[in-house]
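Take a look at the structure below.
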Amino acid sequence: MIGDFEPSGHIETMRNILPVALLCALLMPLPAALASEKPFRVNLRGDAFADGVWTTGVQIELDDGWKTYWRMPGDAGIPPQFTWTTSVPADVTVTYPVPDRFVDASGETVGYKHMVVFPVQVKAADATAVSLDLELFFAVCREVCIPADAKASIDLGNAMRDPEGSLSVTEWQARTSSPGTPVSAASIDATGPKPVLKLELREAAEDIFVETGTSAYFRAPQFSADGREADLEIDNIKDVAKLGGAVLTVTAVAGGKGLEQQVTLP
């Protein structure tokens, strides 16, 4: 069975707002120096099995200086796109570790450097064994961004073959966000030069990532002295009134842990 996993509607949204120059760069073939030695390696690691569900992970290793993207890539970029083929009917779910925020010549981006493991849960109709094949489309960036394709496979059964990989997946699973209620109130202030999302927080946070189905991009938060209020400038939307009634996915990060909440704007 083939299934396309898209964590949200952001893939098409972010594609629509990519700068033309970056799109051209992403569509360019790999430079000759990278054609034979790619700056990334992709594998499926781990095969833990419990309660009829396998847990594995998509491991992306990156050379020094290279980065890849979260499900919401920031100013510009391409989130990872996972296409799965399973030997028996199965539901495949990908989760995302809390990302980092980077500011460089390309703008403000959200993602990972060095290595990331995306934990994956596989629930198959036949809970005896399943072969899992991945086709991954993503982007990696240093001074320039390049498109990347990778394939990986793993055979999942009742006997664990990759305990070291499963341990790594468990560690990265602990870095994914949990449901929570970090935001007590949200509103839009459109009185300044740029519209601002104003959030009242129950606890101080170190960073906040905001996702929406619109073209709007919410920049890095500016916190009050006590950390209980956050202002995020809003870019890439001509009519801020269109955010009225919008549902935001807010991820508040503190101590490497994320709390994720759906917030409806007034």
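Residue numbers start at 1 in each chain; chains themselves are named A, B, ... in the order of the structure tokens; ligands are numbered from 1 in the order shown.
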Using only C-alpha atoms, determine which residues lie at most 8 Å from Pro80 in chain A, disregarding the query and same-chain residues fewer than 6 positions distant; provide the list as a ChimeraX atom specification. /A:69-71,136-139
Do a neighbour search on Gly57 in chain A at 8 Å with only C-alpha atoms, toss out local chain neighbours closer than 3 positions, and write the hits as a PyMOL selection string. chain A and resi 44-46+117-120+169
How would the residues just chosen look if you wrote them out with N, CA, C and O atoms as a JSON list (two decimals), in the first residue's frame?
[["chain", "number", "residue", "atom", "x", "y", "z"],
["A", 44, "LEU", "N", 16.59, 4.04, 7.64],
["A", 44, "LEU", "CA", 15.55, 3.67, 8.59],
["A", 44, "LEU", "C", 16.21, 2.87, 9.70],
["A", 44, "LEU", "O", 16.88, 1.86, 9.43],
["A", 45, "ARG", "N", 16.04, 3.32, 10.96],
["A", 45, "ARG", "CA", 16.69, 2.69, 12.10],
["A", 45, "ARG", "C", 15.66, 2.33, 13.16],
["A", 45, "ARG", "O", 14.74, 3.07, 13.41],
["A", 46, "GLY", "N", 15.88, 1.18, 13.81],
["A", 46, "GLY", "CA", 15.05, 0.78, 14.92],
["A", 46, "GLY", "C", 13.85, -0.04, 14.49],
["A", 46, "GLY", "O", 13.26, 0.21, 13.44],
["A", 117, "VAL", "N", 16.42, 12.40, 13.83],
["A", 117, "VAL", "CA", 15.68, 11.16, 13.65],
["A", 117, "VAL", "C", 14.19, 11.49, 13.81],
["A", 117, "VAL", "O", 13.77, 11.99, 14.86],
["A", 118, "PHE", "N", 13.41, 11.24, 12.77],
["A", 118, "PHE", "CA", 11.96, 11.41, 12.83],
["A", 118, "PHE", "C", 11.33, 10.08, 13.25],
["A", 118, "PHE", "O", 11.34, 9.11, 12.48],
["A", 119, "PRO", "N", 10.81, 9.97, 14.46],
["A", 119, "PRO", "CA", 10.19, 8.72, 14.88],
["A", 119, "PRO", "C", 8.97, 8.38, 14.02],
["A", 119, "PRO", "O", 8.21, 9.27, 13.62],
["A", 120, "VAL", "N", 8.78, 7.09, 13.75],
["A", 120, "VAL", "CA", 7.72, 6.61, 12.86],
["A", 120, "VAL", "C", 7.01, 5.45, 13.55],
["A", 120, "VAL", "O", 7.66, 4.52, 14.03],
["A", 169, "VAL", "N", 15.93, 6.00, 18.45],
["A", 169, "VAL", "CA", 14.58, 6.48, 18.15],
["A", 169, "VAL", "C", 13.87, 6.89, 19.43],
["A", 169, "VAL", "O", 13.18, 7.92, 19.48]]
Which one of A:Ala129, A:Ala204, A:Ala186, A:Leu62 sits closest to Pro39 in chain A if you count only C-alpha atoms? A:Leu62
Interatomic distance between CA of Val53 in chain A and CA of Val122 in chain A? 5.6 Å
I'd like the neighbourhood of Phe218 in chain A as a list in words, where a residue qualifies if any of its atoms comes within 9 Å (using only C-alpha atoms), though same-chain residues fewer than 6 positions away should be ignored.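 My reading of the contact set: Gly74, Asp75, Val196, Leu197, Phe209, Val210, Glu211, Leu232, Glu233, Ile234, Asp235 and Asn236 of chain A.
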Can I get the selected residues back with C-alpha atoms, as a PDB file, in the first residue's frame?
ATOM      1  CA  GLY A  74      10.612  29.220   8.227  1.00  0.00           C
ATOM      2  CA  ASP A  75      11.066  32.129   5.799  1.00  0.00           C
ATOM      3  CA  VAL A 196       1.931  41.253  15.496  1.00  0.00           C
ATOM      4  CA  LEU A 197       0.631  38.046  17.057  1.00  0.00           C
ATOM      5  CA  PHE A 209       6.908  28.214  16.527  1.00  0.00           C
ATOM      6  CA  VAL A 210       3.561  29.051  14.952  1.00  0.00           C
ATOM      7  CA  GLU A 211       1.966  27.220  12.017  1.00  0.00           C
ATOM      8  CA  LEU A 232       5.652  37.585  16.934  1.00  0.00           C
ATOM      9  CA  GLU A 233       5.786  39.812  13.854  1.00  0.00           C
ATOM     10  CA  ILE A 234       3.720  38.496  10.949  1.00  0.00           C
ATOM     11  CA  ASP A 235       5.095  38.495   7.413  1.00  0.00           C
ATOM     12  CA  ASN A 236       3.840  37.364   4.030  1.00  0.00           C
TER      13      ASN A 236
END
For range 159-164 of chain A, work out the shell of residues within 7 Å, counting only C-alpha atoms and skipping chain neighbours fewer than 4 positions away, then give it as a list in words. Gly46, Asp47, Ala48 and Ser168 of chain A
Could you check how far CA of Pro193 in chain A sits from CA of Val240 in chain A, in Å to one decimal? 12.2 Å
Quick one: everything within 7 Å of Phe40 in chain A, counting only C-alpha atoms, minus sequence neighbours fewer than 2 positions away in the same chain. Send it as an MDAnalysis selection string. chainID A and resid 38 42 60:63
Resulting file, chosen residues, all heavy atoms, as a PDB file, in the first residue's frame:
ATOM      1  N   LYS A  38      27.382  13.098  -1.541  1.00  0.00           N
ATOM      2  CA  LYS A  38      26.289  13.915  -1.040  1.00  0.00           C
ATOM      3  C   LYS A  38      26.536  14.291   0.419  1.00  0.00           C
ATOM      4  O   LYS A  38      27.134  13.522   1.174  1.00  0.00           O
ATOM      5  CB  LYS A  38      24.976  13.157  -1.182  1.00  0.00           C
ATOM      6  CG  LYS A  38      24.598  12.859  -2.631  1.00  0.00           C
ATOM      7  CD  LYS A  38      23.315  12.056  -2.713  1.00  0.00           C
ATOM      8  CE  LYS A  38      22.959  11.750  -4.167  1.00  0.00           C
ATOM      9  NZ  LYS A  38      21.723  10.955  -4.284  1.00  0.00           N
ATOM     10  N   VAL A  42      20.689   8.933   4.612  1.00  0.00           N
ATOM     11  CA  VAL A  42      19.348   8.641   5.121  1.00  0.00           C
ATOM     12  C   VAL A  42      19.204   7.142   5.343  1.00  0.00           C
ATOM     13  O   VAL A  42      19.554   6.336   4.467  1.00  0.00           O
ATOM     14  CB  VAL A  42      18.268   9.134   4.139  1.00  0.00           C
ATOM     15  CG1 VAL A  42      16.873   8.731   4.624  1.00  0.00           C
ATOM     16  CG2 VAL A  42      18.347  10.649   3.973  1.00  0.00           C
ATOM     17  N   ILE A  60      18.423  11.129   9.406  1.00  0.00           N
ATOM     18  CA  ILE A  60      19.132  11.946   8.422  1.00  0.00           C
ATOM     19  C   ILE A  60      20.400  12.466   9.078  1.00  0.00           C
ATOM     20  O   ILE A  60      20.336  13.205  10.076  1.00  0.00           O
ATOM     21  CB  ILE A  60      18.286  13.122   7.923  1.00  0.00           C
ATOM     22  CG1 ILE A  60      16.969  12.629   7.315  1.00  0.00           C
ATOM     23  CG2 ILE A  60      19.063  13.943   6.893  1.00  0.00           C
ATOM     24  CD1 ILE A  60      16.036  13.755   6.880  1.00  0.00           C
ATOM     25  N   GLU A  61      21.535  12.070   8.554  1.00  0.00           N
ATOM     26  CA  GLU A  61      22.824  12.596   8.998  1.00  0.00           C
ATOM     27  C   GLU A  61      23.294  13.639   7.994  1.00  0.00           C
ATOM     28  O   GLU A  61      23.211  13.428   6.784  1.00  0.00           O
ATOM     29  CB  GLU A  61      23.852  11.479   9.103  1.00  0.00           C
ATOM     30  CG  GLU A  61      23.525  10.420  10.133  1.00  0.00           C
ATOM     31  CD  GLU A  61      24.567   9.314  10.132  1.00  0.00           C
ATOM     32  OE1 GLU A  61      24.434   8.385   9.311  1.00  0.00           O
ATOM     33  OE2 GLU A  61      25.513   9.400  10.934  1.00  0.00           O
ATOM     34  N   LEU A  62      23.798  14.762   8.511  1.00  0.00           N
ATOM     35  CA  LEU A  62      24.221  15.874   7.671  1.00  0.00           C
ATOM     36  C   LEU A  62      25.685  16.198   7.918  1.00  0.00           C
ATOM     37  O   LEU A  62      26.160  16.159   9.065  1.00  0.00           O
ATOM     38  CB  LEU A  62      23.375  17.114   7.979  1.00  0.00           C
ATOM     39  CG  LEU A  62      21.867  16.969   7.730  1.00  0.00           C
ATOM     40  CD1 LEU A  62      21.112  18.046   8.485  1.00  0.00           C
ATOM     41  CD2 LEU A  62      21.565  17.043   6.246  1.00  0.00           C
ATOM     42  N   ASP A  63      26.397  16.520   6.849  1.00  0.00           N
ATOM     43  CA  ASP A  63      27.772  16.978   6.996  1.00  0.00           C
ATOM     44  C   ASP A  63      27.796  18.305   7.743  1.00  0.00           C
ATOM     45  O   ASP A  63      26.800  19.041   7.790  1.00  0.00           O
ATOM     46  CB  ASP A  63      28.429  17.147   5.621  1.00  0.00           C
ATOM     47  CG  ASP A  63      28.736  15.819   4.951  1.00  0.00           C
ATOM     48  OD1 ASP A  63      28.593  14.769   5.619  1.00  0.00           O
ATOM     49  OD2 ASP A  63      29.121  15.827   3.767  1.00  0.00           O
TER      50      ASP A  63
END
